[in-house]
Amino acid sequence: MNKTLRRASVFCLLLVLALLARATWVQAYESQALADNKNNRRTTIAQYAHPMGDIIVGGKSVTGSKRTDSGDLAYRRTYTDGDLYSAVTGYSSQAYGSTQLEGIYSDVLDGTDNRLKNPVDSLTGKQTAPGDVLTTIDPSVQKAGYEALGTKKGAAVAIDPKSGQILGMVSTPSYDPSKISGTTDGDAWKQLTGDKDQPMLNRALREPLPPGSTFKLVVASAALEDGLFSSIDEKTDSPDPYRLPGTVRDLGNESASDPCKNATLRAALEYSCNTVFAKLADDLGQDKVRAMAEKFGFNDTKQDVPVRAWASNYPSHMNKAETALSGIGQFDVTATPLQMAMVTSALANGGVMADPHMVSKVTDGDGNTLQSYDKEPSKRIVSASTASQLQSAMQTVVEQGTGSSAKVPGAVVGGKTGTAQHGVDNDKAPYAWFTSYAKDKSTGKEVAVAVLVEDSDAARAEVSGNGLAGPVAQKMMAAALKK
């Protein structure tokens, strides 16, 4: 063989080896990445080639699959009462992907999760029956919250304090995921994503806003745990009005006639005294208030239920005046309804917080459990004594104070209202908050609820936690305790 042919042969051999090496690399190391690529049409075709598994609420499917009329995607997702449950399910769209439970458990729901396959299926690549996702949502609680919020822009979360099970998660305005589940729903998608009211935003988890006076429960917890007071009935040293440190600005209360000067913690919660809790925050200092807030879950960037919640915020590097304002849930303090429900849930459960979750278990096509969330971890946040005292104070708020709209017949109810400033110099309608717990006197059954009304058709002067958010909490608590 002459020199030229030999060189050409070696070059061709090297090319073949390079091709073999590349093919081996792709199959061994890049196959999963290619399969998961959002632009891989085959993945989408496989996902919708068969009926999907379902998301279950109260023993019934709130999702389904419908045969399509044409195209290479055989099935599309359907939803029962889609508007009611969209804050729980999210959506599964042939064109726009998946969110929330639909996205987190997509492998289980489309049958590709390796836990669903037996050894033979794994070797042959055979399509296995999809699994289901069973939620902790109580249909009656969910419906009560959704109907009570009505046309208001807002959100609500209900939690079982003992187990951490999320019984209701509502966000309004809502949307029907069925309208965007196909490949030809571009107009509906544009309408939803362009809506100024953001119906696809899960306000229960993903929109932290100033919590206003509901945050006073965190400050009261810090004060009792730090030993500033031995009892909620011990008088504080609180001037009225209160001069914000380092400023010439006086902070007052909702009504000048409220008995807030040197008020006890019980009275300060009952009348929602800004002066008391602003001074308390300054007396404690931002580090101690932040430490307590973080024990309750603020500043946690990995709060999964299992959907990732946006972190509620207690700020750092504040001056003394800003620290005082943080004590009444203003300045840069923000919270989601989930976060405030967690605060109340821990207090209602004797100071112990069970991790909140809205999935009880994941099963295979035969109903066998793949993963269970029934025994989620819990942790102590405050002492049993602090929790008991604040329960008592919250009961006073409902029985004698600003939370009268939350009363539930046959139940012990405690709550805290909040009205948070909104806009530059508070030039927009305030946010109305209510966080509460209820315990059935005969059965001992419990529930904790937090409600945020971001906007409503109420006149500005009529916006209050008791007037707007309290009735929503009452309806959800009554539904949760119903025998």
# chains A, B, ... in the order shown; residues from 1 in each chain; ligands from 1
$ closest_atom_pairs --of "segment 239-314 of chain A" --to "segment 221-234 of chain A" --cutoff "12 Å" --atoms "only C-alpha atoms" --output "tab-separated table"
residue	atom	partner	partner_atom	distance
A:Asn262	CA	A:Glu234	CA	9.5
A:Ala263	CA	A:Glu234	CA	8.3
A:Thr264	CA	A:Asp233	CA	5.2
A:Leu265	CA	A:Ile232	CA	4.8
A:Arg266	CA	A:Ile232	CA	5.4
A:Ala267	CA	A:Asp233	CA	8.0
A:Ala268	CA	A:Ile232	CA	9.4
A:Leu269	CA	A:Ile232	CA	9.7
A:Glu270	CA	A:Ile232	CA	11.4
A:Val276	CA	A:Ala223	CA	11.4
A:Phe277	CA	A:Ala223	CA	9.7
A:Ala278	CA	A:Ala223	CA	12.0
A:Lys279	CA	A:Ala223	CA	11.1
A:Leu280	CA	A:Ala223	CA	7.3
A:Ala281	CA	A:Ala223	CA	8.5
A:Asp282	CA	A:Ala223	CA	11.0
A:Asp283	CA	A:Ala223	CA	9.1
A:Leu284	CA	A:Ala223	CA	7.1
A:Gly285	CA	A:Ala222	CA	10.3
A:Gln286	CA	A:Ala222	CA	10.7
A:Asp287	CA	A:Ala222	CA	10.5
A:Lys288	CA	A:Ala222	CA	7.0
A:Val289	CA	A:Ala222	CA	6.1
A:Arg290	CA	A:Ala222	CA	9.1
A:Ala291	CA	A:Ala222	CA	8.4
A:Met292	CA	A:Ala222	CA	5.8
A:Ala293	CA	A:Ala222	CA	8.5
A:Glu294	CA	A:Ala222	CA	11.1
A:Lys295	CA	A:Ala222	CA	10.3
A:Phe296	CA	A:Ser221	CA	10.2
$ residues_around --residues "Ser345 of chain A" --least-positions-apart "5" --cutoff "10 Å" --atoms "only C-alpha atoms" --output "list in words"
Ala158, Ile159, Asp160, Pro161, Lys162, Ser163, Gly164, Phe296, Gln339, Met340, Gly350, Gly351, Val352, Met353, Ala354, Pro356, Thr435, Ser436, Tyr437, Ala438, Glu446, Val447, Ala448, Val449 and Ala450 of chain A
$ write_last_selection --atoms "C-alpha atoms" --output "PDB file, in the first residue's frame"
ATOM      1  CA  ALA A 158     -55.987  26.383  56.016  1.00  0.00           C
ATOM      2  CA  ILE A 159     -53.719  23.981  57.941  1.00  0.00           C
ATOM      3  CA  ASP A 160     -54.324  21.159  60.410  1.00  0.00           C
ATOM      4  CA  PRO A 161     -52.017  22.288  63.260  1.00  0.00           C
ATOM      5  CA  LYS A 162     -51.301  18.778  64.531  1.00  0.00           C
ATOM      6  CA  SER A 163     -50.370  17.133  61.218  1.00  0.00           C
ATOM      7  CA  GLY A 164     -49.341  20.081  59.056  1.00  0.00           C
ATOM      8  CA  PHE A 296     -41.594  30.590  62.338  1.00  0.00           C
ATOM      9  CA  GLN A 339     -46.462  31.910  56.299  1.00  0.00           C
ATOM     10  CA  MET A 340     -49.059  33.532  58.543  1.00  0.00           C
ATOM     11  CA  GLY A 350     -48.778  24.326  71.776  1.00  0.00           C
ATOM     12  CA  GLY A 351     -45.763  26.012  70.182  1.00  0.00           C
ATOM     13  CA  VAL A 352     -44.874  23.098  67.881  1.00  0.00           C
ATOM     14  CA  MET A 353     -44.944  23.528  64.096  1.00  0.00           C
ATOM     15  CA  ALA A 354     -45.665  20.498  61.931  1.00  0.00           C
ATOM     16  CA  PRO A 356     -46.999  22.120  56.146  1.00  0.00           C
ATOM     17  CA  THR A 435     -55.073  34.845  60.825  1.00  0.00           C
ATOM     18  CA  SER A 436     -56.845  32.536  63.240  1.00  0.00           C
ATOM     19  CA  TYR A 437     -57.323  29.094  64.703  1.00  0.00           C
ATOM     20  CA  ALA A 438     -60.383  27.185  65.856  1.00  0.00           C
ATOM     21  CA  GLU A 446     -58.434  21.969  65.052  1.00  0.00           C
ATOM     22  CA  VAL A 447     -57.638  24.192  62.101  1.00  0.00           C
ATOM     23  CA  ALA A 448     -55.491  27.287  61.508  1.00  0.00           C
ATOM     24  CA  VAL A 449     -56.290  29.743  58.713  1.00  0.00           C
ATOM     25  CA  ALA A 450     -54.717  32.842  57.207  1.00  0.00           C
TER      26      ALA A 450
END
$ residues_around --residues "Ile137 of chain A" --least-positions-apart "2" --cutoff "10 Å" --atoms "only C-alpha atoms" --output "list in words"
Ile56, Val57, Gly58, Gly59, Tyr85, Val88, Leu134, Thr135, Pro139, Ser140, Val141, Gln142, Ala158, Ile159, Gln165, Ile166, Leu167, Gly168, Met169, His357, Met358, Val359 and Ser360 of chain A
$ write_last_selection --atoms "N, CA and C atoms" --output "CSV table (one decimal), in the first residue's frame"
chain,number,residue,atom,x,y,z
A,56,ILE,N,-55.7,13.7,43.2
A,56,ILE,CA,-56.9,13.3,43.9
A,56,ILE,C,-57.1,14.3,45.1
A,57,VAL,N,-58.4,14.7,45.2
A,57,VAL,CA,-58.8,15.6,46.3
A,57,VAL,C,-60.0,14.9,46.9
A,58,GLY,N,-59.9,14.6,48.2
A,58,GLY,CA,-61.1,14.0,48.9
A,58,GLY,C,-61.5,12.7,48.3
A,59,GLY,N,-60.6,11.9,47.8
A,59,GLY,CA,-60.9,10.6,47.2
A,59,GLY,C,-61.4,10.7,45.8
A,85,TYR,N,-59.6,24.5,41.9
A,85,TYR,CA,-58.4,23.8,42.4
A,85,TYR,C,-57.1,24.2,41.7
A,88,VAL,N,-53.9,24.5,43.6
A,88,VAL,CA,-53.4,23.3,44.1
A,88,VAL,C,-52.7,22.5,43.0
A,134,LEU,N,-52.1,12.0,45.7
A,134,LEU,CA,-53.2,12.2,46.7
A,134,LEU,C,-52.9,13.4,47.5
A,135,THR,N,-53.8,14.3,47.5
A,135,THR,CA,-53.6,15.6,48.3
A,135,THR,C,-54.2,15.5,49.6
A,139,PRO,N,-62.2,19.1,50.3
A,139,PRO,CA,-63.0,19.8,49.3
A,139,PRO,C,-63.9,20.8,49.9
A,140,SER,N,-64.5,20.6,51.1
A,140,SER,CA,-65.4,21.5,51.7
A,140,SER,C,-64.7,22.8,52.2
A,141,VAL,N,-63.5,22.6,52.7
A,141,VAL,CA,-62.7,23.8,53.1
A,141,VAL,C,-62.3,24.6,51.9
A,142,GLN,N,-61.8,23.9,50.8
A,142,GLN,CA,-61.4,24.6,49.6
A,142,GLN,C,-62.6,25.4,49.0
A,158,ALA,N,-55.5,27.0,54.8
A,158,ALA,CA,-56.0,26.4,56.0
A,158,ALA,C,-55.1,25.2,56.3
A,159,ILE,N,-54.6,25.0,57.5
A,159,ILE,CA,-53.7,24.0,57.9
A,159,ILE,C,-54.3,23.3,59.2
A,165,GLN,N,-51.1,19.1,57.6
A,165,GLN,CA,-51.8,18.9,56.4
A,165,GLN,C,-52.5,20.2,55.9
A,166,ILE,N,-52.2,20.6,54.7
A,166,ILE,CA,-52.9,21.8,54.2
A,166,ILE,C,-54.3,21.4,53.7
A,167,LEU,N,-55.3,21.9,54.3
A,167,LEU,CA,-56.7,21.5,54.1
A,167,LEU,C,-57.3,22.4,53.0
A,168,GLY,N,-56.8,23.6,52.8
A,168,GLY,CA,-57.3,24.4,51.7
A,168,GLY,C,-56.3,25.4,51.3
A,169,MET,N,-56.2,25.6,50.0
A,169,MET,CA,-55.3,26.6,49.4
A,169,MET,C,-56.0,27.3,48.2
A,357,HIS,N,-47.8,20.6,54.4
A,357,HIS,CA,-47.7,19.9,53.2
A,357,HIS,C,-49.1,19.6,52.6
A,358,MET,N,-49.2,19.6,51.3
A,358,MET,CA,-50.5,19.4,50.7
A,358,MET,C,-50.6,18.1,49.8
A,359,VAL,N,-49.6,17.2,50.0
A,359,VAL,CA,-49.7,15.9,49.4
A,359,VAL,C,-49.5,14.9,50.5
A,360,SER,N,-50.4,13.9,50.6
A,360,SER,CA,-50.4,12.9,51.6
A,360,SER,C,-49.5,11.7,51.1
$ select_by_dssp --residues "segment 158-393 of chain A" --states "strand (DSSP E)" --output "number ranges by chain"
A: 158-159, 166-172, 242-243, 250-251, 352-354, 359-363, 369-372, 378-380
$ residues_around --residues "Met394 of chain A" --least-positions-apart "3" --cutoff "12 Å" --atoms "only C-alpha atoms" --output "ChimeraX atom specification"
/A:214,216-217,220,232,265-272,344,347-348,387-391,397-404,406-407,412-417,434-438
$ decode --residues "segment 76-89 of chain A" --atoms "all heavy atoms" --output "PDB file, in the first residue's frame"
ATOM      1  N   ARG A  76     -54.993  14.982  25.969  1.00  0.00           N
ATOM      2  CA  ARG A  76     -54.750  16.271  26.611  1.00  0.00           C
ATOM      3  C   ARG A  76     -55.349  16.254  28.011  1.00  0.00           C
ATOM      4  O   ARG A  76     -56.257  15.482  28.314  1.00  0.00           O
ATOM      5  CB  ARG A  76     -55.331  17.433  25.804  1.00  0.00           C
ATOM      6  CG  ARG A  76     -56.840  17.454  25.687  1.00  0.00           C
ATOM      7  CD  ARG A  76     -57.322  18.637  24.873  1.00  0.00           C
ATOM      8  NE  ARG A  76     -57.167  19.895  25.582  1.00  0.00           N
ATOM      9  CZ  ARG A  76     -57.384  21.095  25.034  1.00  0.00           C
ATOM     10  NH1 ARG A  76     -57.699  21.179  23.744  1.00  0.00           N
ATOM     11  NH2 ARG A  76     -57.252  22.187  25.733  1.00  0.00           N
ATOM     12  N   ARG A  77     -54.847  17.106  28.875  1.00  0.00           N
ATOM     13  CA  ARG A  77     -55.280  17.159  30.268  1.00  0.00           C
ATOM     14  C   ARG A  77     -56.633  17.840  30.384  1.00  0.00           C
ATOM     15  O   ARG A  77     -56.907  18.836  29.696  1.00  0.00           O
ATOM     16  CB  ARG A  77     -54.242  17.929  31.081  1.00  0.00           C
ATOM     17  CG  ARG A  77     -54.244  17.660  32.581  1.00  0.00           C
ATOM     18  CD  ARG A  77     -54.076  16.235  32.886  1.00  0.00           C
ATOM     19  NE  ARG A  77     -53.406  15.979  34.155  1.00  0.00           N
ATOM     20  CZ  ARG A  77     -53.545  14.840  34.803  1.00  0.00           C
ATOM     21  NH1 ARG A  77     -54.358  13.899  34.338  1.00  0.00           N
ATOM     22  NH2 ARG A  77     -52.877  14.621  35.920  1.00  0.00           N
ATOM     23  N   THR A  78     -57.471  17.324  31.278  1.00  0.00           N
ATOM     24  CA  THR A  78     -58.743  17.970  31.609  1.00  0.00           C
ATOM     25  C   THR A  78     -58.802  18.186  33.116  1.00  0.00           C
ATOM     26  O   THR A  78     -58.083  17.521  33.884  1.00  0.00           O
ATOM     27  CB  THR A  78     -59.941  17.117  31.167  1.00  0.00           C
ATOM     28  OG1 THR A  78     -59.903  15.860  31.863  1.00  0.00           O
ATOM     29  CG2 THR A  78     -59.927  16.890  29.666  1.00  0.00           C
ATOM     30  N   TYR A  79     -59.658  19.098  33.531  1.00  0.00           N
ATOM     31  CA  TYR A  79     -59.767  19.446  34.953  1.00  0.00           C
ATOM     32  C   TYR A  79     -61.229  19.550  35.365  1.00  0.00           C
ATOM     33  O   TYR A  79     -62.036  20.146  34.647  1.00  0.00           O
ATOM     34  CB  TYR A  79     -59.050  20.765  35.247  1.00  0.00           C
ATOM     35  CG  TYR A  79     -57.562  20.697  34.999  1.00  0.00           C
ATOM     36  CD1 TYR A  79     -57.046  20.905  33.729  1.00  0.00           C
ATOM     37  CD2 TYR A  79     -56.685  20.381  36.027  1.00  0.00           C
ATOM     38  CE1 TYR A  79     -55.687  20.817  33.484  1.00  0.00           C
ATOM     39  CE2 TYR A  79     -55.317  20.297  35.793  1.00  0.00           C
ATOM     40  CZ  TYR A  79     -54.822  20.514  34.525  1.00  0.00           C
ATOM     41  OH  TYR A  79     -53.471  20.423  34.287  1.00  0.00           O
ATOM     42  N   THR A  80     -61.548  18.979  36.513  1.00  0.00           N
ATOM     43  CA  THR A  80     -62.863  19.128  37.119  1.00  0.00           C
ATOM     44  C   THR A  80     -62.802  20.276  38.121  1.00  0.00           C
ATOM     45  O   THR A  80     -61.929  20.280  39.002  1.00  0.00           O
ATOM     46  CB  THR A  80     -63.283  17.833  37.847  1.00  0.00           C
ATOM     47  OG1 THR A  80     -63.282  16.757  36.905  1.00  0.00           O
ATOM     48  CG2 THR A  80     -64.667  17.973  38.452  1.00  0.00           C
ATOM     49  N   ASP A  81     -63.697  21.242  37.982  1.00  0.00           N
ATOM     50  CA  ASP A  81     -63.662  22.436  38.849  1.00  0.00           C
ATOM     51  C   ASP A  81     -62.277  23.074  38.811  1.00  0.00           C
ATOM     52  O   ASP A  81     -61.660  23.354  39.850  1.00  0.00           O
ATOM     53  CB  ASP A  81     -64.045  22.086  40.291  1.00  0.00           C
ATOM     54  CG  ASP A  81     -65.474  21.594  40.426  1.00  0.00           C
ATOM     55  OD1 ASP A  81     -66.342  22.137  39.714  1.00  0.00           O
ATOM     56  OD2 ASP A  81     -65.724  20.679  41.229  1.00  0.00           O
ATOM     57  N   GLY A  82     -61.796  23.287  37.591  1.00  0.00           N
ATOM     58  CA  GLY A  82     -60.444  23.800  37.416  1.00  0.00           C
ATOM     59  C   GLY A  82     -60.179  25.102  38.141  1.00  0.00           C
ATOM     60  O   GLY A  82     -59.111  25.281  38.740  1.00  0.00           O
ATOM     61  N   ASP A  83     -61.127  26.027  38.102  1.00  0.00           N
ATOM     62  CA  ASP A  83     -60.952  27.309  38.791  1.00  0.00           C
ATOM     63  C   ASP A  83     -60.794  27.128  40.299  1.00  0.00           C
ATOM     64  O   ASP A  83     -60.052  27.855  40.948  1.00  0.00           O
ATOM     65  CB  ASP A  83     -62.147  28.225  38.515  1.00  0.00           C
ATOM     66  CG  ASP A  83     -62.264  28.608  37.059  1.00  0.00           C
ATOM     67  OD1 ASP A  83     -62.757  27.775  36.273  1.00  0.00           O
ATOM     68  OD2 ASP A  83     -61.850  29.724  36.703  1.00  0.00           O
ATOM     69  N   LEU A  84     -61.528  26.162  40.845  1.00  0.00           N
ATOM     70  CA  LEU A  84     -61.502  25.918  42.284  1.00  0.00           C
ATOM     71  C   LEU A  84     -60.161  25.370  42.741  1.00  0.00           C
ATOM     72  O   LEU A  84     -59.652  25.734  43.812  1.00  0.00           O
ATOM     73  CB  LEU A  84     -62.631  24.947  42.654  1.00  0.00           C
ATOM     74  CG  LEU A  84     -62.720  24.481  44.106  1.00  0.00           C
ATOM     75  CD1 LEU A  84     -62.945  25.663  45.039  1.00  0.00           C
ATOM     76  CD2 LEU A  84     -63.845  23.452  44.261  1.00  0.00           C
ATOM     77  N   TYR A  85     -59.550  24.506  41.937  1.00  0.00           N
ATOM     78  CA  TYR A  85     -58.362  23.782  42.377  1.00  0.00           C
ATOM     79  C   TYR A  85     -57.071  24.191  41.680  1.00  0.00           C
ATOM     80  O   TYR A  85     -56.018  23.576  41.926  1.00  0.00           O
ATOM     81  CB  TYR A  85     -58.579  22.278  42.179  1.00  0.00           C
ATOM     82  CG  TYR A  85     -59.620  21.707  43.103  1.00  0.00           C
ATOM     83  CD1 TYR A  85     -60.846  21.245  42.607  1.00  0.00           C
ATOM     84  CD2 TYR A  85     -59.401  21.632  44.468  1.00  0.00           C
ATOM     85  CE1 TYR A  85     -61.810  20.724  43.457  1.00  0.00           C
ATOM     86  CE2 TYR A  85     -60.364  21.115  45.325  1.00  0.00           C
ATOM     87  CZ  TYR A  85     -61.569  20.659  44.811  1.00  0.00           C
ATOM     88  OH  TYR A  85     -62.516  20.146  45.661  1.00  0.00           O
ATOM     89  N   SER A  86     -57.081  25.205  40.839  1.00  0.00           N
ATOM     90  CA  SER A  86     -55.867  25.543  40.090  1.00  0.00           C
ATOM     91  C   SER A  86     -54.699  25.931  40.995  1.00  0.00           C
ATOM     92  O   SER A  86     -53.539  25.689  40.655  1.00  0.00           O
ATOM     93  CB  SER A  86     -56.154  26.670  39.092  1.00  0.00           C
ATOM     94  OG  SER A  86     -56.530  27.860  39.768  1.00  0.00           O
ATOM     95  N   ALA A  87     -54.982  26.529  42.164  1.00  0.00           N
ATOM     96  CA  ALA A  87     -53.908  26.888  43.093  1.00  0.00           C
ATOM     97  C   ALA A  87     -53.262  25.655  43.697  1.00  0.00           C
ATOM     98  O   ALA A  87     -52.155  25.735  44.241  1.00  0.00           O
ATOM     99  CB  ALA A  87     -54.449  27.789  44.207  1.00  0.00           C
ATOM    100  N   VAL A  88     -53.922  24.516  43.586  1.00  0.00           N
ATOM    101  CA  VAL A  88     -53.393  23.250  44.079  1.00  0.00           C
ATOM    102  C   VAL A  88     -52.711  22.471  42.952  1.00  0.00           C
ATOM    103  O   VAL A  88     -51.562  22.053  43.069  1.00  0.00           O
ATOM    104  CB  VAL A  88     -54.516  22.394  44.702  1.00  0.00           C
ATOM    105  CG1 VAL A  88     -53.977  21.031  45.123  1.00  0.00           C
ATOM    106  CG2 VAL A  88     -55.148  23.121  45.881  1.00  0.00           C
ATOM    107  N   THR A  89     -53.424  22.287  41.848  1.00  0.00           N
ATOM    108  CA  THR A  89     -52.924  21.425  40.777  1.00  0.00           C
ATOM    109  C   THR A  89     -51.865  22.089  39.913  1.00  0.00           C
ATOM    110  O   THR A  89     -50.933  21.432  39.447  1.00  0.00           O
ATOM    111  CB  THR A  89     -54.077  20.992  39.862  1.00  0.00           C
ATOM    112  OG1 THR A  89     -54.656  22.146  39.225  1.00  0.00           O
ATOM    113  CG2 THR A  89     -55.153  20.257  40.648  1.00  0.00           C
TER     114      THR A  89
END
